[in-house]
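Heads up, work_7.csv below (CSV, C-alpha atoms):
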```csv
chain,number,residue,atom,x,y,z
Y,65,MET,CA,-0.6,16.2,24.5
Y,66,SER,CA,-0.3,19.9,24.0
Y,67,LYS,CA,-1.7,21.1,20.7
Y,68,THR,CA,-0.5,24.6,20.7
Y,69,ALA,CA,1.9,23.9,17.9
Y,70,LYS,CA,0.3,24.3,14.5
Y,71,VAL,CA,0.6,21.1,12.5
Y,72,LYS,CA,2.1,21.6,9.0
Y,73,PRO,CA,-0.6,20.3,6.6
Y,74,ILE,CA,0.5,17.1,4.9
Y,75,ASP,CA,-0.2,16.7,1.2
Y,76,LEU,CA,-1.4,13.2,1.2
Y,77,LYS,CA,-2.7,13.5,-2.4
Y,78,LYS,CA,0.8,14.2,-3.7
Y,79,ALA,CA,2.4,11.5,-1.7
Y,80,ILE,CA,-0.1,8.8,-2.6
Y,81,MET,CA,-0.5,9.7,-6.3
Y,82,ALA,CA,3.3,9.6,-6.7
Y,83,LYS,CA,3.2,6.0,-5.6
Y,84,VAL,CA,0.3,5.2,-7.8
Y,85,GLU,CA,1.8,6.8,-10.9
Y,86,SER,CA,5.2,5.2,-10.3
Y,87,ASN,CA,3.5,1.8,-9.9
Y,88,GLU,CA,5.0,1.5,-6.5
Y,89,ILE,CA,1.5,0.5,-5.4
Y,90,ALA,CA,-0.8,-1.4,-7.7
Y,91,MET,CA,-4.4,-2.7,-7.4
Y,92,LYS,CA,-4.8,-6.4,-6.7
Y,93,PRO,CA,-6.6,-8.0,-9.5
Y,94,ARG,CA,-10.3,-8.8,-9.3
Y,95,TRP,CA,-9.8,-12.6,-9.5
Y,96,TYR,CA,-7.7,-12.4,-6.2
Y,97,PHE,CA,-10.9,-11.3,-4.4
Y,98,VAL,CA,-13.1,-13.7,-6.2
Y,99,LEU,CA,-10.8,-16.5,-5.2
Y,100,GLY,CA,-10.8,-15.2,-1.6
Y,101,SER,CA,-14.6,-15.3,-1.5
Y,102,VAL,CA,-14.7,-18.8,-3.1
Y,103,LEU,CA,-12.2,-20.1,-0.5
Y,104,LEU,CA,-14.1,-18.4,2.3
Y,105,VAL,CA,-17.4,-20.1,1.3
Y,106,GLY,CA,-15.7,-23.4,0.5
Y,107,GLY,CA,-13.8,-23.2,3.8
Y,108,LEU,CA,-16.9,-22.6,5.8
Y,109,ALA,CA,-18.8,-25.3,4.0
Y,110,GLY,CA,-15.9,-27.8,4.5
Y,111,LEU,CA,-15.5,-26.9,8.1
Y,112,SER,CA,-19.3,-27.2,8.7
Y,113,VAL,CA,-19.4,-30.7,7.1
Y,114,GLY,CA,-16.3,-31.7,9.0
Y,115,ALA,CA,-17.8,-30.5,12.3
Y,116,ILE,CA,-21.1,-32.2,11.6
Y,117,PHE,CA,-19.2,-35.4,10.8
Y,118,LEU,CA,-17.1,-35.2,14.0
Y,119,VAL,CA,-20.0,-34.3,16.2
Y,120,ASN,CA,-21.9,-37.1,14.8
Y,121,LEU,CA,-19.0,-39.5,15.3
Y,122,THR,CA,-18.8,-38.4,19.0
Y,123,TRP,CA,-22.5,-39.1,19.3
Y,124,PHE,CA,-22.0,-42.5,17.5
Y,125,LEU,CA,-19.2,-43.5,19.9
Y,126,LEU,CA,-21.1,-42.3,23.0
Y,127,ARG,CA,-24.2,-44.2,21.9
Y,128,GLN,CA,-22.3,-47.5,21.9
Y,129,HIS,CA,-22.0,-47.3,25.6
Y,130,GLY,CA,-25.6,-47.8,26.3
Y,131,PRO,CA,-26.8,-46.2,29.6
Y,132,MET,CA,-23.8,-44.7,31.4
Y,133,GLY,CA,-23.0,-46.1,34.9
Y,134,GLN,CA,-20.1,-45.1,37.1
Y,135,TRP,CA,-17.8,-47.8,35.8
Y,136,LYS,CA,-18.7,-47.2,32.2
Y,137,LEU,CA,-18.0,-43.5,32.6
Y,138,GLN,CA,-14.6,-44.3,34.0
Y,139,LEU,CA,-14.0,-46.6,31.1
Y,140,MET,CA,-15.0,-43.9,28.7
Y,141,LEU,CA,-12.8,-41.3,30.3
Y,142,ASN,CA,-9.8,-43.7,30.0
Y,143,ASN,CA,-10.4,-44.9,26.5
Y,144,PHE,CA,-12.5,-42.4,24.6
Y,145,PRO,CA,-10.9,-41.0,21.5
Y,146,TRP,CA,-10.9,-37.4,22.7
Y,147,TRP,CA,-9.4,-36.1,19.5
Y,148,VAL,CA,-12.8,-36.6,17.9
Y,149,PRO,CA,-14.8,-34.1,20.0
Y,150,ILE,CA,-11.7,-31.8,20.3
Y,151,LEU,CA,-11.5,-31.7,16.5
Y,152,ALA,CA,-15.2,-31.1,16.3
Y,153,ILE,CA,-15.0,-28.2,18.7
Y,154,GLY,CA,-12.0,-26.9,16.7
Y,155,GLY,CA,-14.0,-27.1,13.5
Y,156,ILE,CA,-16.9,-25.2,15.1
Y,157,VAL,CA,-14.6,-22.5,16.4
Y,158,LEU,CA,-12.9,-22.1,13.1
Y,159,GLY,CA,-16.3,-22.1,11.4
Y,160,ILE,CA,-17.4,-19.2,13.6
Y,161,LYS,CA,-14.2,-17.3,12.8
Y,162,LEU,CA,-14.9,-17.7,9.1
Y,163,LEU,CA,-18.6,-16.9,9.6
Y,164,LYS,CA,-17.6,-13.6,11.1
Y,165,LYS,CA,-15.8,-12.6,8.0
Y,166,PHE,CA,-19.0,-12.6,6.0
Y,167,ASP,CA,-20.2,-9.1,5.2
Y,168,CYS,CA,-23.7,-9.4,6.5
Y,169,VAL,CA,-23.0,-11.1,9.8
Y,170,TYR,CA,-22.0,-8.0,11.8
Y,171,LYS,CA,-25.5,-6.6,11.3
Y,172,LYS,CA,-27.0,-9.4,13.3
Y,173,ASN,CA,-26.5,-10.1,17.0
Y,174,ILE,CA,-23.2,-12.1,16.9
Y,175,TRP,CA,-24.2,-14.4,19.8
Y,176,LEU,CA,-27.4,-15.3,18.0
Y,177,VAL,CA,-25.4,-16.1,14.8
Y,178,ILE,CA,-22.9,-18.2,16.8
Y,179,GLY,CA,-25.7,-19.9,18.7
Y,180,GLY,CA,-27.5,-20.6,15.5
Y,181,PHE,CA,-24.4,-22.1,13.9
Y,182,VAL,CA,-23.6,-24.4,16.8
Y,183,VAL,CA,-27.3,-25.5,17.0
Y,184,ALA,CA,-27.4,-26.1,13.3
Y,185,ILE,CA,-24.2,-28.3,13.5
Y,186,ILE,CA,-25.6,-30.3,16.4
Y,187,LEU,CA,-29.0,-30.7,14.7
Y,188,ALA,CA,-27.4,-31.7,11.4
Y,189,ALA,CA,-25.3,-34.3,13.3
Y,190,GLY,CA,-28.4,-35.5,15.1
Y,191,LEU,CA,-30.2,-35.8,11.7
Y,192,VAL,CA,-27.4,-37.9,10.3
Y,193,ASP,CA,-27.6,-40.1,13.3
Y,194,TYR,CA,-31.4,-40.3,13.1
Y,195,LEU,CA,-31.3,-41.3,9.4
Y,196,GLY,CA,-28.7,-43.9,10.3
Y,197,LEU,CA,-26.1,-42.6,7.8
Y,198,ASN,CA,-23.3,-43.2,10.3
Y,199,ASP,CA,-24.4,-46.8,10.8
Y,200,ARG,CA,-24.4,-47.3,7.1
Y,201,LEU,CA,-20.9,-45.6,6.8
Y,202,SER,CA,-19.6,-47.8,9.6
Y,203,ARG,CA,-20.7,-51.0,7.8
Y,204,GLN,CA,-19.9,-50.2,4.2
Y,205,GLY,CA,-18.2,-47.8,1.9
Y,206,PRO,CA,-14.8,-46.1,2.1
Y,207,MET,CA,-15.4,-44.9,5.7
Y,208,ARG,CA,-15.9,-48.4,7.1
Y,209,ARG,CA,-12.2,-48.8,8.0
Y,210,PHE,CA,-12.1,-45.4,9.6
Y,211,TYR,CA,-15.0,-46.2,11.8
Y,212,GLN,CA,-13.5,-49.5,12.7
Y,213,GLN,CA,-10.3,-47.9,13.7
Y,214,VAL,CA,-12.0,-45.2,15.9
Y,215,GLU,CA,-14.2,-47.9,17.5
Y,216,GLY,CA,-11.0,-49.9,18.1
Y,217,GLN,CA,-9.3,-47.0,19.8
Y,218,ASN,CA,-12.4,-46.4,21.9
Y,219,TRP,CA,-12.7,-49.9,23.4
Y,220,ARG,CA,-9.1,-51.2,23.7
Y,221,LEU,CA,-9.1,-53.0,27.0
Y,222,PRO,CA,-6.2,-55.4,27.3
Y,223,GLY,CA,-7.1,-58.8,28.7
Y,224,ARG,CA,-10.9,-58.3,28.4
Y,225,GLY,CA,-13.6,-58.7,25.9
Y,226,GLY,CA,-13.3,-60.8,22.8
Y,227,GLY,CA,-9.7,-61.8,23.3
Y,228,ASN,CA,-8.2,-59.5,20.8
Y,229,GLY,CA,-7.7,-56.7,23.2
Y,230,TYR,CA,-10.9,-55.0,22.1
Y,231,PHE,CA,-14.1,-54.6,24.2
Y,232,ARG,CA,-17.4,-53.5,22.8
Y,233,TRP,CA,-20.7,-52.9,24.4
Y,234,GLU,CA,-23.6,-54.6,22.8
Y,235,ARG,CA,-26.0,-52.1,21.3
S,95,MET,CA,-12.5,18.6,-13.6
S,96,SER,CA,-16.0,20.0,-13.2
S,97,GLN,CA,-17.4,16.9,-14.9
S,98,THR,CA,-15.5,14.8,-12.4
S,99,ALA,CA,-16.9,16.7,-9.5
S,100,LYS,CA,-20.4,15.7,-10.6
S,101,LEU,CA,-19.6,12.0,-10.5
S,102,SER,CA,-20.5,10.0,-7.4
S,103,ASP,CA,-17.7,8.3,-5.5
S,104,GLU,CA,-18.8,4.9,-6.8
S,105,GLU,CA,-18.7,6.2,-10.4
S,106,VAL,CA,-15.2,7.6,-9.9
S,107,ILE,CA,-14.1,4.3,-8.4
S,108,GLU,CA,-15.4,2.5,-11.5
S,109,ILE,CA,-13.3,4.7,-13.7
S,110,VAL,CA,-10.2,4.3,-11.5
S,111,ARG,CA,-10.6,0.5,-11.7
S,112,SER,CA,-11.3,0.3,-15.4
S,113,SER,CA,-9.3,3.0,-17.2
S,114,ASN,CA,-7.9,5.9,-15.4
S,115,LYS,CA,-6.0,5.3,-12.1
S,116,GLU,CA,-5.1,9.0,-11.9
S,117,MET,CA,-8.7,9.7,-11.0
S,118,TYR,CA,-7.9,8.3,-7.6
S,119,ALA,CA,-6.6,11.8,-6.8
S,120,GLU,CA,-10.3,12.9,-6.9
S,121,ILE,CA,-11.1,10.4,-4.2
S,122,ILE,CA,-8.2,11.5,-2.1
S,123,LYS,CA,-9.3,15.1,-2.6
S,124,ARG,CA,-12.8,14.3,-1.4
S,125,TYR,CA,-11.9,12.3,1.6
S,126,GLN,CA,-8.5,13.6,2.8
S,127,ASP,CA,-9.8,16.2,5.3
S,128,LYS,CA,-12.7,14.1,6.6
S,129,LEU,CA,-10.6,11.1,7.2
S,130,MET,CA,-7.8,13.2,8.7
S,131,ARG,CA,-10.3,14.7,11.2
S,132,TYR,CA,-11.7,11.2,12.0
S,133,ALA,CA,-8.3,9.5,12.4
S,134,SER,CA,-6.8,12.4,14.4
S,135,ASN,CA,-9.8,12.1,16.8
S,136,ILE,CA,-9.1,8.4,17.3
S,137,MET,CA,-5.4,8.7,17.5
S,138,GLY,CA,-5.3,11.9,19.6
S,139,ASP,CA,-2.5,13.2,17.4
S,140,ASP,CA,-2.6,14.8,14.0
S,141,HIS,CA,0.7,13.3,12.7
S,142,LYS,CA,-0.4,9.8,13.6
S,143,GLY,CA,-3.8,10.6,12.1
S,144,ALA,CA,-2.1,11.5,8.9
S,145,ASP,CA,-0.1,8.3,8.9
S,146,VAL,CA,-3.2,6.3,9.4
S,147,VAL,CA,-5.0,8.1,6.6
S,148,GLN,CA,-2.1,7.7,4.2
S,149,GLU,CA,-1.9,4.0,4.9
S,150,GLY,CA,-5.6,3.7,4.7
S,151,LEU,CA,-5.9,5.4,1.4
S,152,ILE,CA,-3.0,3.3,0.0
S,153,LYS,CA,-4.8,0.1,1.2
S,154,ALA,CA,-8.0,1.3,-0.3
S,155,TYR,CA,-6.3,1.7,-3.6
S,156,VAL,CA,-4.6,-1.7,-3.5
S,157,ASN,CA,-7.9,-3.4,-2.6
S,158,LEU,CA,-10.1,-1.3,-4.8
S,159,HIS,CA,-11.4,-4.3,-6.7
S,160,SER,CA,-12.9,-5.7,-3.6
S,161,PHE,CA,-15.2,-2.8,-3.2
S,162,ASP,CA,-18.8,-3.4,-4.2
S,163,THR,CA,-19.9,-0.3,-6.1
S,164,LYS,CA,-23.5,-1.0,-5.0
S,165,LYS,CA,-22.5,0.0,-1.5
S,166,LYS,CA,-21.3,3.3,-0.2
S,167,PHE,CA,-17.7,4.1,-0.8
S,168,SER,CA,-17.5,6.4,2.2
S,169,SER,CA,-18.4,3.6,4.7
S,170,TRP,CA,-15.9,1.3,3.0
S,171,VAL,CA,-13.0,3.8,3.2
S,172,TYR,CA,-13.9,4.9,6.7
S,173,ARG,CA,-13.8,1.2,7.6
S,174,ILE,CA,-10.3,0.8,6.2
S,175,VAL,CA,-9.1,3.9,8.1
S,176,HIS,CA,-10.7,2.6,11.3
S,177,ASN,CA,-8.9,-0.7,10.9
S,178,GLU,CA,-5.6,1.1,10.3
S,179,ALA,CA,-6.1,3.2,13.4
S,180,MET,CA,-6.9,0.2,15.5
S,181,ASN,CA,-3.8,-1.6,14.2
S,182,MET,CA,-1.7,1.4,15.1
S,183,LEU,CA,-3.2,1.8,18.5
S,184,HIS,CA,-2.8,-1.9,19.1
S,185,LYS,CA,0.9,-1.7,18.2
S,186,GLN,CA,1.4,1.3,20.5
S,187,LYS,CA,-0.7,-0.3,23.2
S,188,LYS,CA,-2.0,3.1,23.8
S,189,HIS,CA,-5.6,2.4,24.5
S,190,GLN,CA,-7.2,5.2,26.4
S,191,THR,CA,-9.3,4.7,29.4
S,192,ILE,CA,-11.4,6.9,31.5
S,193,GLY,CA,-9.5,8.3,34.4
S,194,ASP,CA,-8.2,11.2,36.2
S,195,LYS,CA,-4.7,10.7,34.8
S,196,MET,CA,-5.3,12.5,31.6
S,197,GLU,CA,-4.1,16.1,31.8
S,198,PHE,CA,-4.5,18.8,29.2
S,199,ALA,CA,-2.3,21.7,28.6
S,200,SER,CA,-3.8,25.0,29.6
S,201,GLY,CA,-4.6,27.4,26.9
S,202,VAL,CA,-5.2,24.6,24.4
S,203,ASP,CA,-5.5,26.0,20.9
S,204,LEU,CA,-7.0,23.3,18.6
S,205,GLU,CA,-6.6,23.8,14.9
S,206,ALA,CA,-9.2,26.1,13.5
S,207,GLU,CA,-10.2,23.9,10.7
S,208,PHE,CA,-11.1,21.1,13.1
S,209,VAL,CA,-13.3,23.0,15.4
S,210,LYS,CA,-16.2,25.3,15.2
S,211,LYS,CA,-15.3,27.9,17.8
S,212,GLU,CA,-15.4,27.3,21.5
S,213,LEU,CA,-18.1,24.6,21.7
S,214,LEU,CA,-16.3,22.3,19.4
S,215,THR,CA,-12.9,22.9,21.0
S,216,HIS,CA,-14.5,21.9,24.3
S,217,THR,CA,-16.2,18.9,22.7
S,218,HIS,CA,-12.9,17.7,21.3
S,219,ARG,CA,-11.2,17.9,24.7
S,220,CYS,CA,-14.0,15.9,26.3
S,221,LEU,CA,-14.0,13.4,23.4
S,222,GLU,CA,-10.3,12.7,23.8
S,223,GLN,CA,-10.9,11.4,27.3
S,224,MET,CA,-13.5,8.9,26.2
S,225,PRO,CA,-12.9,5.2,25.8
S,226,LEU,CA,-12.5,4.2,22.2
S,227,ILE,CA,-15.7,2.2,21.9
S,228,TYR,CA,-17.7,5.3,22.7
S,229,LYS,CA,-15.4,7.8,21.2
S,230,GLU,CA,-15.7,6.3,17.7
S,231,PRO,CA,-19.5,6.2,17.3
S,232,LEU,CA,-19.9,9.6,18.9
S,233,SER,CA,-17.3,11.1,16.6
S,234,LEU,CA,-18.8,9.5,13.5
S,235,PHE,CA,-22.3,10.6,14.5
S,236,TYR,CA,-21.7,14.2,15.5
S,237,LEU,CA,-18.5,15.2,13.8
S,238,GLU,CA,-18.7,13.2,10.6
S,239,GLU,CA,-22.5,13.4,10.5
S,240,LYS,CA,-22.8,9.7,9.6
S,241,SER,CA,-26.1,7.8,10.0
S,242,TYR,CA,-26.5,4.9,12.4
S,243,GLU,CA,-26.5,2.6,9.4
S,244,GLU,CA,-23.2,4.0,8.1
S,245,ILE,CA,-21.6,3.8,11.5
S,246,SER,CA,-22.8,0.2,11.7
S,247,ASP,CA,-21.0,-0.5,8.3
S,248,ILE,CA,-17.9,1.3,9.4
S,249,LEU,CA,-17.5,-0.2,12.8
S,250,ARG,CA,-19.1,-3.6,11.9
S,251,ILE,CA,-21.5,-3.6,14.8
S,252,PRO,CA,-25.3,-4.0,14.7
S,253,ILE,CA,-27.3,-0.8,14.4
S,254,GLY,CA,-28.8,-1.4,17.8
S,255,THR,CA,-25.4,-1.4,19.3
S,256,VAL,CA,-24.5,1.8,17.6
S,257,GLY,CA,-27.6,3.4,19.1
S,258,THR,CA,-26.7,2.1,22.6
S,259,ARG,CA,-23.1,3.3,22.3
S,260,VAL,CA,-24.0,6.7,21.1
S,261,SER,CA,-26.6,7.1,23.8
S,262,ARG,CA,-24.1,6.0,26.5
S,263,ALA,CA,-21.4,8.1,25.0
S,264,LYS,CA,-23.6,11.2,25.3
S,265,GLY,CA,-23.9,10.4,29.1
S,266,ILE,CA,-20.2,9.9,29.5
S,267,MET,CA,-19.5,13.0,27.4
S,268,LYS,CA,-21.8,15.1,29.7
S,269,ALA,CA,-20.1,13.8,32.8
S,270,LEU,CA,-16.6,14.5,31.3
S,271,CYS,CA,-17.5,18.0,30.2
S,272,GLN,CA,-19.1,18.9,33.5
S,273,LYS,CA,-16.0,17.5,35.3
S,274,GLN,CA,-13.7,19.7,33.1
S,275,GLN,CA,-15.7,22.8,33.7
S,276,LYS,CA,-15.4,22.5,37.5
```

As structure tokens, the full file:
Amino acid sequence: MSKTAKVKPIDLKKAIMAKVESNEIAMKPRWYFVLGSVLLVGGLAGLSVGAIFLVNLTWFLLRQHGPMGQWKLQLMLNNFPWWVPILAIGGIVLGIKLLKKFDCVYKKNIWLVIGGFVVAIILAAGLVDYLGLNDRLSRQGPMRRFYQQVEGQNWRLPGRGGGNGYFRWER
Amino acid sequence: MSQTAKLSDEEVIEIVRSSNKEMYAEIIKRYQDKLMRYASNIMGDDHKGADVVQEGLIKAYVNLHSFDTKKKFSSWVYRIVHNEAMNMLHKQKKHQTIGDKMEFASGVDLEAEFVKKELLTHTHRCLEQMPLIYKEPLSLFYLEEKSYEEISDILRIPIGTVGTRVSRAKGIMKALCQKQQK
């Protein structure tokens, strides 16, 4: 760590400009950054919508249990489609990572931003549930089959229920 | 070149981007020494500092179209050099921590252009022993004479955090310098 030796000054200007002039290095075009920004915004929007949907789906599946007793909880632990909340959490985490890439975010308290994002996702999922959009999706439209499959995974209990291997709580 | 000297950084950048890439030499001229001082302080080594600045200035050129000319170019380029320095430190796994293990050669003779006589030499020695999270804001505030807002833009931390870190850094600096004097 001794600094007794005088460092020979380095001519950065010459070295860098030689690369610039010989086209060894070139500026990335403007559209590259525009595309990056669009993808960032699109990615965040997509992840947010995905996370809202999956949080809402978790909510939807949990609600089908009715009040949770010991046995019902065990049943849920055994048969619940855990990939739904795991994907929802993954979506939120990725969303936070993307959110941090935005220019203005670092000026704010990051925990406040993260908390706000998570609360916004949960509130939005709650709103979807409150408005009954998930119920509508589960009964009609292109998502009907998906809901049926997830519900089927949730309550597959061989030898019980309606005879087809599925068991559903009455809502 | 006298006309060029009158232009702001942002105006020079606009010219580099649109018509004259050779004008980037003016940017290098303006920032080379400042960035070298900053990077050397972070890296604790002039040669590594030079490498960091060279890489930083190359990256700045390559990504010049991503710079928003409504913002300050100095904060942007300092940010790039900061990132480069962090990457290099990360690669070397050479994060410094406060401790008694650091030893300094006696009769240290820091480069004259980096220091303003005795006080600054002493300051540099104390600064080198500081943890990175305090060294950087302190160095930017006192040596590079950046405002809290600029430091916030360079380090990507809230202005309040900059204030806290500078304040804590002063306390640590005081303790380190007193320890060295004994």

I want to know what sits within 10 Å of Val157 in chain Y, based on only C-alpha atoms, with residues of the same chain fewer than 6 positions away left out; could you give that as a PDB file with C-alpha atoms, in the frame of the given file?
```
ATOM      1  CA  LEU Y 111     -15.500 -26.900   8.100  1.00  0.00           C
ATOM      2  CA  ALA Y 115     -17.800 -30.500  12.300  1.00  0.00           C
ATOM      3  CA  LEU Y 151     -11.500 -31.700  16.500  1.00  0.00           C
ATOM      4  CA  LEU Y 163     -18.600 -16.900   9.600  1.00  0.00           C
ATOM      5  CA  ILE Y 178     -22.900 -18.200  16.800  1.00  0.00           C
ATOM      6  CA  VAL Y 182     -23.600 -24.400  16.800  1.00  0.00           C
TER       7      VAL Y 182
END
```

**Item:** Using only C-alpha atoms: which of Y:Phe117, Y:Asn173, Y:Phe124, Y:Asn142 has the shortest distance to chain S
**Value:** Y:Asn173

**Prompt:** Skipping near chain neighbours, those fewer than 6 positions away, what residues fall within 7 Å of Lys77 in chain Y using only C-alpha atoms, listed as a ChimeraX atom specification?
**Reply:** /S:119,122-123

Give me, as a Markdown table, the closest atom pair and its distance (Å, one decimal) for every residue of chain Y within a cut-off of 12 Å of chain S, counting only C-alpha atoms, rows sorted by chain and rising number.
```
| residue | atom | partner | partner_atom | distance |
| --- | --- | --- | --- | --- |
| Y:Met65 | CA | S:Phe198 | CA | 6.6 |
| Y:Ser66 | CA | S:Ala199 | CA | 5.3 |
| Y:Lys67 | CA | S:Leu204 | CA | 6.1 |
| Y:Thr68 | CA | S:Asp203 | CA | 5.2 |
| Y:Ala69 | CA | S:Asp203 | CA | 8.3 |
| Y:Lys70 | CA | S:Glu205 | CA | 6.9 |
| Y:Val71 | CA | S:Asp140 | CA | 7.2 |
| Y:Lys72 | CA | S:His141 | CA | 9.2 |
| Y:Pro73 | CA | S:Ala144 | CA | 9.2 |
| Y:Ile74 | CA | S:Ala144 | CA | 7.4 |
| Y:Asp75 | CA | S:Gln126 | CA | 9.0 |
| Y:Leu76 | CA | S:Gln148 | CA | 6.3 |
| Y:Lys77 | CA | S:Ile122 | CA | 5.9 |
| Y:Lys78 | CA | S:Ala119 | CA | 8.4 |
| Y:Ala79 | CA | S:Gln148 | CA | 8.3 |
| Y:Ile80 | CA | S:Ile152 | CA | 6.7 |
| Y:Met81 | CA | S:Ala119 | CA | 6.5 |
| Y:Ala82 | CA | S:Glu116 | CA | 9.9 |
| Y:Lys83 | CA | S:Ile152 | CA | 8.8 |
| Y:Val84 | CA | S:Lys115 | CA | 7.6 |
| Y:Glu85 | CA | S:Glu116 | CA | 7.3 |
| Y:Ser86 | CA | S:Glu116 | CA | 11.1 |
| Y:Asn87 | CA | S:Lys115 | CA | 10.4 |
| Y:Glu88 | CA | S:Ile152 | CA | 10.5 |
| Y:Ile89 | CA | S:Val156 | CA | 6.8 |
| Y:Ala90 | CA | S:Val156 | CA | 5.7 |
| Y:Met91 | CA | S:Val156 | CA | 4.0 |
| Y:Lys92 | CA | S:Val156 | CA | 5.7 |
| Y:Pro93 | CA | S:His159 | CA | 6.7 |
| Y:Arg94 | CA | S:His159 | CA | 5.3 |
| Y:Trp95 | CA | S:His159 | CA | 8.9 |
| Y:Tyr96 | CA | S:Ser160 | CA | 8.9 |
| Y:Phe97 | CA | S:Ser160 | CA | 6.0 |
| Y:Val98 | CA | S:Ser160 | CA | 8.4 |
| Y:Leu99 | CA | S:Ser160 | CA | 11.1 |
| Y:Gly100 | CA | S:Ser160 | CA | 9.9 |
| Y:Ser101 | CA | S:Ser160 | CA | 10.0 |
| Y:Lys164 | CA | S:Arg250 | CA | 10.1 |
| Y:Lys165 | CA | S:Arg250 | CA | 10.3 |
| Y:Phe166 | CA | S:Arg250 | CA | 10.8 |
| Y:Asp167 | CA | S:Arg250 | CA | 8.7 |
| Y:Cys168 | CA | S:Arg250 | CA | 9.2 |
| Y:Val169 | CA | S:Arg250 | CA | 8.7 |
| Y:Tyr170 | CA | S:Arg250 | CA | 5.3 |
| Y:Lys171 | CA | S:Pro252 | CA | 4.3 |
| Y:Lys172 | CA | S:Pro252 | CA | 5.8 |
| Y:Asn173 | CA | S:Pro252 | CA | 6.6 |
| Y:Ile174 | CA | S:Pro252 | CA | 8.7 |
| Y:Trp175 | CA | S:Pro252 | CA | 11.6 |
| Y:Leu176 | CA | S:Pro252 | CA | 12.0 |
```

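Shortest atom-to-atom contact with Ile245 in chain S among S:Arg219, S:Arg131, S:Arg262, S:His176: S:His176, counting only C-alpha atoms.
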
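Taking CA of Asp103 in chain S and CA of Lys240 in chain S as endpoints, the distance between them is 16.0 Å.
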
**Asked** If you measure from CA of Val183 in chain Y to CA of Ile116 in chain Y, what distance in Å do you get, rounded to one decimal?
**Response** 10.6 Å

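Across the structure, CA of Lys128 in chain S and CA of Ser102 in chain S are spaced 16.5 Å apart.
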
**Residue with smallest distance to Ile153 in chain Y - pool Y:Gly179, Y:Pro206, Y:Gly114, Y:Gly196, counting only C-alpha atoms** = Y:Gly114

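Here the question is which of Y:Asn143, Y:Thr122, Y:Ser112, Y:Gln204 gets nearest to Ile156 in chain Y using all atoms listed in the file, and that residue is Y:Ser112.
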
**Message:** Here is a test: counting all atoms listed in the file, which residue of S:Leu237, S:Ala263, S:Ile174, S:Ala133 is nearest to Pro225 in chain S?
**Reply:** S:Ala263

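With distances taken over all atoms listed in the file, Y:Leu118 is the one residue among Y:Ala189, Y:Val177, Y:Leu118, Y:Leu108 lying closest to Pro145 in chain Y.
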
**Request:** Starting from the point (-1.6, 1.4, 18.8), work out which residues of protein, DNA or RNA have an atom no more than 12 Å away when counting all atoms listed in the file; state them as a PyMOL selection string.
**Result:** chain S and resi 136-139+142-143+146+176-190+226

Those selected residues, please, written with C-alpha atoms and delivered as a PDB file, in the frame of the given file.
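Wrote part-v8.pdb, looks like this:
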```pdb
ATOM      1  CA  ILE S 136      -9.100   8.400  17.300  1.00  0.00           C
ATOM      2  CA  MET S 137      -5.400   8.700  17.500  1.00  0.00           C
ATOM      3  CA  GLY S 138      -5.300  11.900  19.600  1.00  0.00           C
ATOM      4  CA  ASP S 139      -2.500  13.200  17.400  1.00  0.00           C
ATOM      5  CA  LYS S 142      -0.400   9.800  13.600  1.00  0.00           C
ATOM      6  CA  GLY S 143      -3.800  10.600  12.100  1.00  0.00           C
ATOM      7  CA  VAL S 146      -3.200   6.300   9.400  1.00  0.00           C
ATOM      8  CA  HIS S 176     -10.700   2.600  11.300  1.00  0.00           C
ATOM      9  CA  ASN S 177      -8.900  -0.700  10.900  1.00  0.00           C
ATOM     10  CA  GLU S 178      -5.600   1.100  10.300  1.00  0.00           C
ATOM     11  CA  ALA S 179      -6.100   3.200  13.400  1.00  0.00           C
ATOM     12  CA  MET S 180      -6.900   0.200  15.500  1.00  0.00           C
ATOM     13  CA  ASN S 181      -3.800  -1.600  14.200  1.00  0.00           C
ATOM     14  CA  MET S 182      -1.700   1.400  15.100  1.00  0.00           C
ATOM     15  CA  LEU S 183      -3.200   1.800  18.500  1.00  0.00           C
ATOM     16  CA  HIS S 184      -2.800  -1.900  19.100  1.00  0.00           C
ATOM     17  CA  LYS S 185       0.900  -1.700  18.200  1.00  0.00           C
ATOM     18  CA  GLN S 186       1.400   1.300  20.500  1.00  0.00           C
ATOM     19  CA  LYS S 187      -0.700  -0.300  23.200  1.00  0.00           C
ATOM     20  CA  LYS S 188      -2.000   3.100  23.800  1.00  0.00           C
ATOM     21  CA  HIS S 189      -5.600   2.400  24.500  1.00  0.00           C
ATOM     22  CA  GLN S 190      -7.200   5.200  26.400  1.00  0.00           C
ATOM     23  CA  LEU S 226     -12.500   4.200  22.200  1.00  0.00           C
TER      24      LEU S 226
END
```
